[in-house]
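For reference, the structure discussed in these notes is given below.
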Amino acid sequence: MGIVLKMHHRWALGLLLASALLLMGASGDRTGQRFDRLGHNLMCECGCGQVLMECNHVGCTTSEQMRKELKLAMDRGDSDDVILAGFVARYGPAVLSAPTTTGFNRVAWIMPVVIFIAALTAVVLVVRAWKRRTPNPPSNPGGSGPGELDEFRRRAREETSTL
Amino acid sequence: MPQIGSFTLLLGLALSVYAFAAGLFALVRNDDRLSETARRAGIAVFIAVTAASAVLVWAAFHNDFSVAYILHHSNRALPAPYKFAALWSGQEGSLLFWCWLLATYGLVLRLRHKVDTRLVAHASVVISAVQIFFLALVNFAAHPFALVAGTIPADGNGLNPLLQYPEMVIHPPMLYLGYVGMTVPFCFALAALIMKYPGEKWIHITRRWTMVGWLFLTCGIFLGSYWAYRVLGWGGWWGWDPVENASLLPWLTGTAFLHSVMMQEKRGMMKVWNMWLIFSTFLLAIFGTFLTRSGVVSSVHAFAESDIGPYFVVFMALTFATCVFFFVRNRSHLESEHKLESLVSRESSFLFNNVLLLVAAFAVLWGTLFPVLSEWVTGHKVTVGPPFFNKVNIPIALCLLLLTAVGPLLAWGRTSAESIRKNFLIPALIALSTGVVLMMRGMKPWVDISYFYALMTIMLSVLVASTVGSEFIRGGLVISRHHHSNIFHGMYLLTRRNTRRYGGYIVHLGVIVTMIGFAGVAFYQNTEQELGFGDKMAIGPYTLVCRSYTQNDQPNYSSEWAILDIYKNGKQITTMYPEQRFYKASGQPATIVANRSTVMEDLYLVYTGKNPENGRPIIKAHLNPLVWWIWAGAHLILVGTLVALLPNMQAKRKKRSPQERIRSALADEVSPVEARN
């Protein structure tokens, strides 16, 4: 058992070291992606309902103009927040492709998380309540009697032990 | 002919009303003869609605522009397949098509009434009620045979160019088959609740019908994605558009039902939950139709907006009220026979799987409707687009993948920690090794959250593949040893003997293949350039050289396209022709994407326009890794579902010894992992 544990430790250590080495070797070149990322945070205002970087209407001058504005703002050295605020000031809050995390918009983000936590909590509480309320009967998945199923399991163990 | 269409529609409505009223009266009075007349009236509805649909198709093929619907959705030069597709290309036609599909499902249901005469009689009344609503809509609110006032134009306005693609001839029927298909399980579930159906037969029938609806819905969703990818020309396949979301909602709840129904069948649990999952799935299918047509939210897919939204709201409210009424009245019939014994069991994995699927459904619904809510509360409209849905749903999807991996390793009742460790260790090591290899090959999850998600998706997919694979291998080995055959034959027999379980595993394999395709999104790249003769454009390992650009004129449209030679690592591999069309009747442009798809990546070229000064084409090139996997996964999901729908292979009982019978029973009812537990 001790040897097995040592083997597991070695595996874990090896994986950890490999991950650390890879992490150290990382380089975070993100400048080329910034335009694309910011463009995906904005909607095209031509009325197509598409993300700015994905608006492909033939001859759509709005998206072309908006992309130029984005490029200009980036060239000026504006931060992401300043650029997005500039677009909101010019086109209104609907220009952002996702709700902000301020004011009533916060509700958009919070609700799914609240529902998720509430649902998980409810499931755990219900299962615990069920466990407290009932003794544990033997499992009976196939409709067979408990004795018959035990016999199945015993034979199954015999037959599959060599796999 | 339009008069014949109008008459048959009205006749269909009258027959539906009779099928509903006589069916209901017969059930109350226990009158078998009256019940039989109601059943036959239900069958006659199919004949009437089929005749009406045939008249509309006839009108499209004969360019009968006296019918307003044909005038607005067809033209003389429209190719024949699209004239046929015009049936579902607009509001009135698609509602008629819905009626026809519902009548077809109703026909099958009524022809198979001997399965359980009384249950089918109840379900028949419910389906007639739904049929009345839709036939009333096409008769009085969205009449497909309305005539043009004044002079009849010589030619029609044509079909929306976005719909003039082969995929669009298949995609809507599939989606509608899915939506409408969810009516049948709803009818059976409500019927079983109303009559306090004794036993579990109804749930078996409901499950099979749900699988049929789910199969079509899955086909419809994937075909819609494929259409969006190949036609809309933005380089993506899912944009979290409200109409796309509407199709996902019943799919998610339907998927939850197909998992939790096993708990009812095996353990007599979750009856209330399952009942409401079926009700929700049907209501969400109707809600999806409402969303597509009401104009409540803006969508690029809403081809048939009108003012019929309020009718749907009333119908949904009535349906919900009916469900609540019968649930409150007969809920004692839905008490569980067993309780959960342990948090670490197959049952609890299904429970958590259901919670995750429903939270995902809530998140999608919430995000879809939040702009309306926000405008109502604050007076300002906000956009809830892909960033929101991705941030909320990707973590949920990863949790679901983890459960998909763990689920098959858990036994019914309870599972020991030792058993989990033993079964989980090797798959977990394989998944971890995959992650390390991917990082060593350049995938850097610390650079961007999307890379992290991509890595997790692939690792968890490998984990699922390992656990599902081990199920097949262990079971296949046991059976092959018994039959003295090879392991593949063993796996085949294993699948045939329990099509539902192993078909389900094939579906899971399809899901992970699709998920790997989704993971490729993190690495999508694109570039745009104006190309003159001989100009070059580079993306990834590809170099595009513009050989020429030209134009053409067809009866239905004129077009412009570029001829591009494609080089990979310096060697020419193909020539591609991105095109742009201008449809004459509708006066609308459309793109014809040129796509070269391989297992590793798609080279996706869009003709976005031309420089008005020099006439040179502007080409947008996308390099999309792993898209092929999405469609391959979809095929696997379909195959798995079809396998799950097949009946189990019956063993030849006479020739078997007691030992063989036990082995067979194990293969049929207990998976190798369960057997080991």
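By convention here, the chains of the structure tokens are called A, B, ... in the order presented, each chain's residues are numbered starting at 1, and ligands are numbered starting at 1 in the order presented.
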With only C-alpha atoms as the counted atoms, please give the residues lying no more than 10 Å from segment 67-73 of chain A, apart from itself and same-chain residues fewer than 6 positions off, as a compact mmCIF listing (two decimals) with N, CA and C atoms, in the first residue's frame.
```txt
# COMPACT_ATOMS: atom_id res chain seq x y z
N PHE A 35 -8.47 43.96 -30.21
CA PHE A 35 -9.46 44.53 -31.12
C PHE A 35 -10.64 43.57 -31.29
N ASP A 36 -10.31 42.30 -31.46
CA ASP A 36 -11.34 41.28 -31.65
C ASP A 36 -12.20 41.15 -30.38
N LEU A 38 -12.65 43.37 -27.89
CA LEU A 38 -13.50 44.55 -27.67
C LEU A 38 -14.64 44.60 -28.69
N GLY A 39 -14.33 44.20 -29.91
CA GLY A 39 -15.36 44.18 -30.96
C GLY A 39 -16.46 43.19 -30.66
N LEU A 42 -19.23 44.59 -28.31
CA LEU A 42 -20.11 45.63 -28.86
C LEU A 42 -21.05 45.03 -29.91
N CYS A 44 -23.39 45.66 -33.41
CA CYS A 44 -23.51 46.54 -34.56
C CYS A 44 -24.84 47.30 -34.44
N LEU A 52 -20.65 43.26 -33.23
CA LEU A 52 -19.96 44.13 -34.19
C LEU A 52 -19.00 43.35 -35.09
N MET A 53 -18.19 42.47 -34.49
CA MET A 53 -17.19 41.77 -35.29
C MET A 53 -17.81 40.71 -36.20
N THR A 61 -22.45 50.00 -43.71
CA THR A 61 -21.51 51.10 -43.42
C THR A 61 -21.40 51.33 -41.92
N SER A 79 -8.09 53.04 -22.39
CA SER A 79 -8.28 51.74 -21.73
C SER A 79 -9.58 51.12 -22.24
N ASP A 80 -9.75 49.82 -21.94
CA ASP A 80 -10.97 49.12 -22.39
C ASP A 80 -12.22 49.81 -21.86
N VAL A 82 -12.68 52.90 -20.89
CA VAL A 82 -12.91 54.21 -21.52
C VAL A 82 -13.50 54.02 -22.92
N ILE A 83 -12.97 53.06 -23.65
CA ILE A 83 -13.47 52.81 -25.01
C ILE A 83 -14.95 52.41 -24.99
N LEU A 84 -15.27 51.46 -24.09
CA LEU A 84 -16.65 50.97 -24.03
C LEU A 84 -17.59 52.09 -23.56
N GLY A 86 -17.19 55.22 -24.05
CA GLY A 86 -17.34 56.12 -25.18
C GLY A 86 -18.43 55.64 -26.15
N PHE A 87 -18.43 54.35 -26.40
CA PHE A 87 -19.46 53.78 -27.28
C PHE A 87 -20.85 53.89 -26.67
```
Contacts of Gly92 of chain A at 10 Å (only C-alpha atoms; same-chain gap of 6+ positions) as a PDB file with C-alpha atoms, in the first residue's frame:
```pdb
ATOM      1  CA  GLU A  45     -26.002  49.403 -34.584  1.00  0.00           C
ATOM      2  CA  ALA A  85     -17.937  54.015 -22.077  1.00  0.00           C
ATOM      3  CA  GLY A  86     -17.341  56.124 -25.184  1.00  0.00           C
TER       4      GLY A  86
ATOM      5  CA  HIS B 380     -33.671  51.462 -21.163  1.00  0.00           C
ATOM      6  CA  LYS B 381     -33.183  48.492 -23.410  1.00  0.00           C
ATOM      7  CA  VAL B 382     -30.000  46.495 -22.890  1.00  0.00           C
TER       8      VAL B 382
END
```
Could you pull the residues within 9 Å of segment 89-96 of chain B, counting only C-alpha atoms, minus those fewer than 4 positions along the same chain, as a ChimeraX atom specification? /B:9,49,52-53,56,69,72-73,85,100-101,134-135,137-138,141-145,159-160,163,172,176,293,303-306
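Excluding Arg230 of chain B itself and any same-chain residue fewer than 5 positions from it, the protein and nucleic acid residues within 10 Å of it, counting only C-alpha atoms, are Tyr165, Glu167, Gly224, Ser225, Gly235, Gly236, Trp237, Thr591, Ile592, Val593, Ala594, Asn595, Tyr604 and Val606 of chain B.
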Exercise for review: Using DSSP on the backbone, list every residue of segment 38-138 of chain A that comes out as alpha helix (DSSP H), and give them as a PyMOL selection string.
Suggested key: chain A and resi 38-40+61-76+80-91+105-133
Using only C-alpha atoms, which protein or nucleic acid residues come within 9 Å of segment 540-545 of chain B? Drop anything in the same chain fewer than 5 positions from it, and give the result as a list in words.
Gln525, Leu531, Phe533, Gly534, Asp535, Ile563, Leu564, Asp565, Ile566, Tyr567, Lys568, Asn569, Gly570, Gln572, Leu603 and Leu623 of chain B
Test item: residues at most 9 Å from Pro112 of chain A, only C-alpha atoms, excluding those fewer than 6 positions along its chain, as a VMD selection string
chain B and resid 359 to 360 362 to 363 366 392
**Message:** I'd like to know which of B:Asp64, B:Glu265, B:Asp116, B:Glu335 is closest to chain A, using only C-alpha atoms.
**Reply:**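 Among B:Asp64, B:Glu265, B:Asp116, B:Glu335, it is B:Glu265 that comes nearest to chain A.
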Excluding segment 429-441 of chain B and residues on its chain fewer than 4 positions from it, collect all residues at most 6 Å away from it, counting only C-alpha atoms, and give them as a compact mmCIF listing (two decimals) with C-alpha atoms, in the first residue's frame.
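Final file, around_20.txt:
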```txt
# COMPACT_ATOMS: atom_id res chain seq x y z
CA MET B 459 -10.01 16.95 -20.73
CA VAL B 462 -11.63 12.48 -22.72
CA LEU B 463 -12.79 11.55 -19.22
```
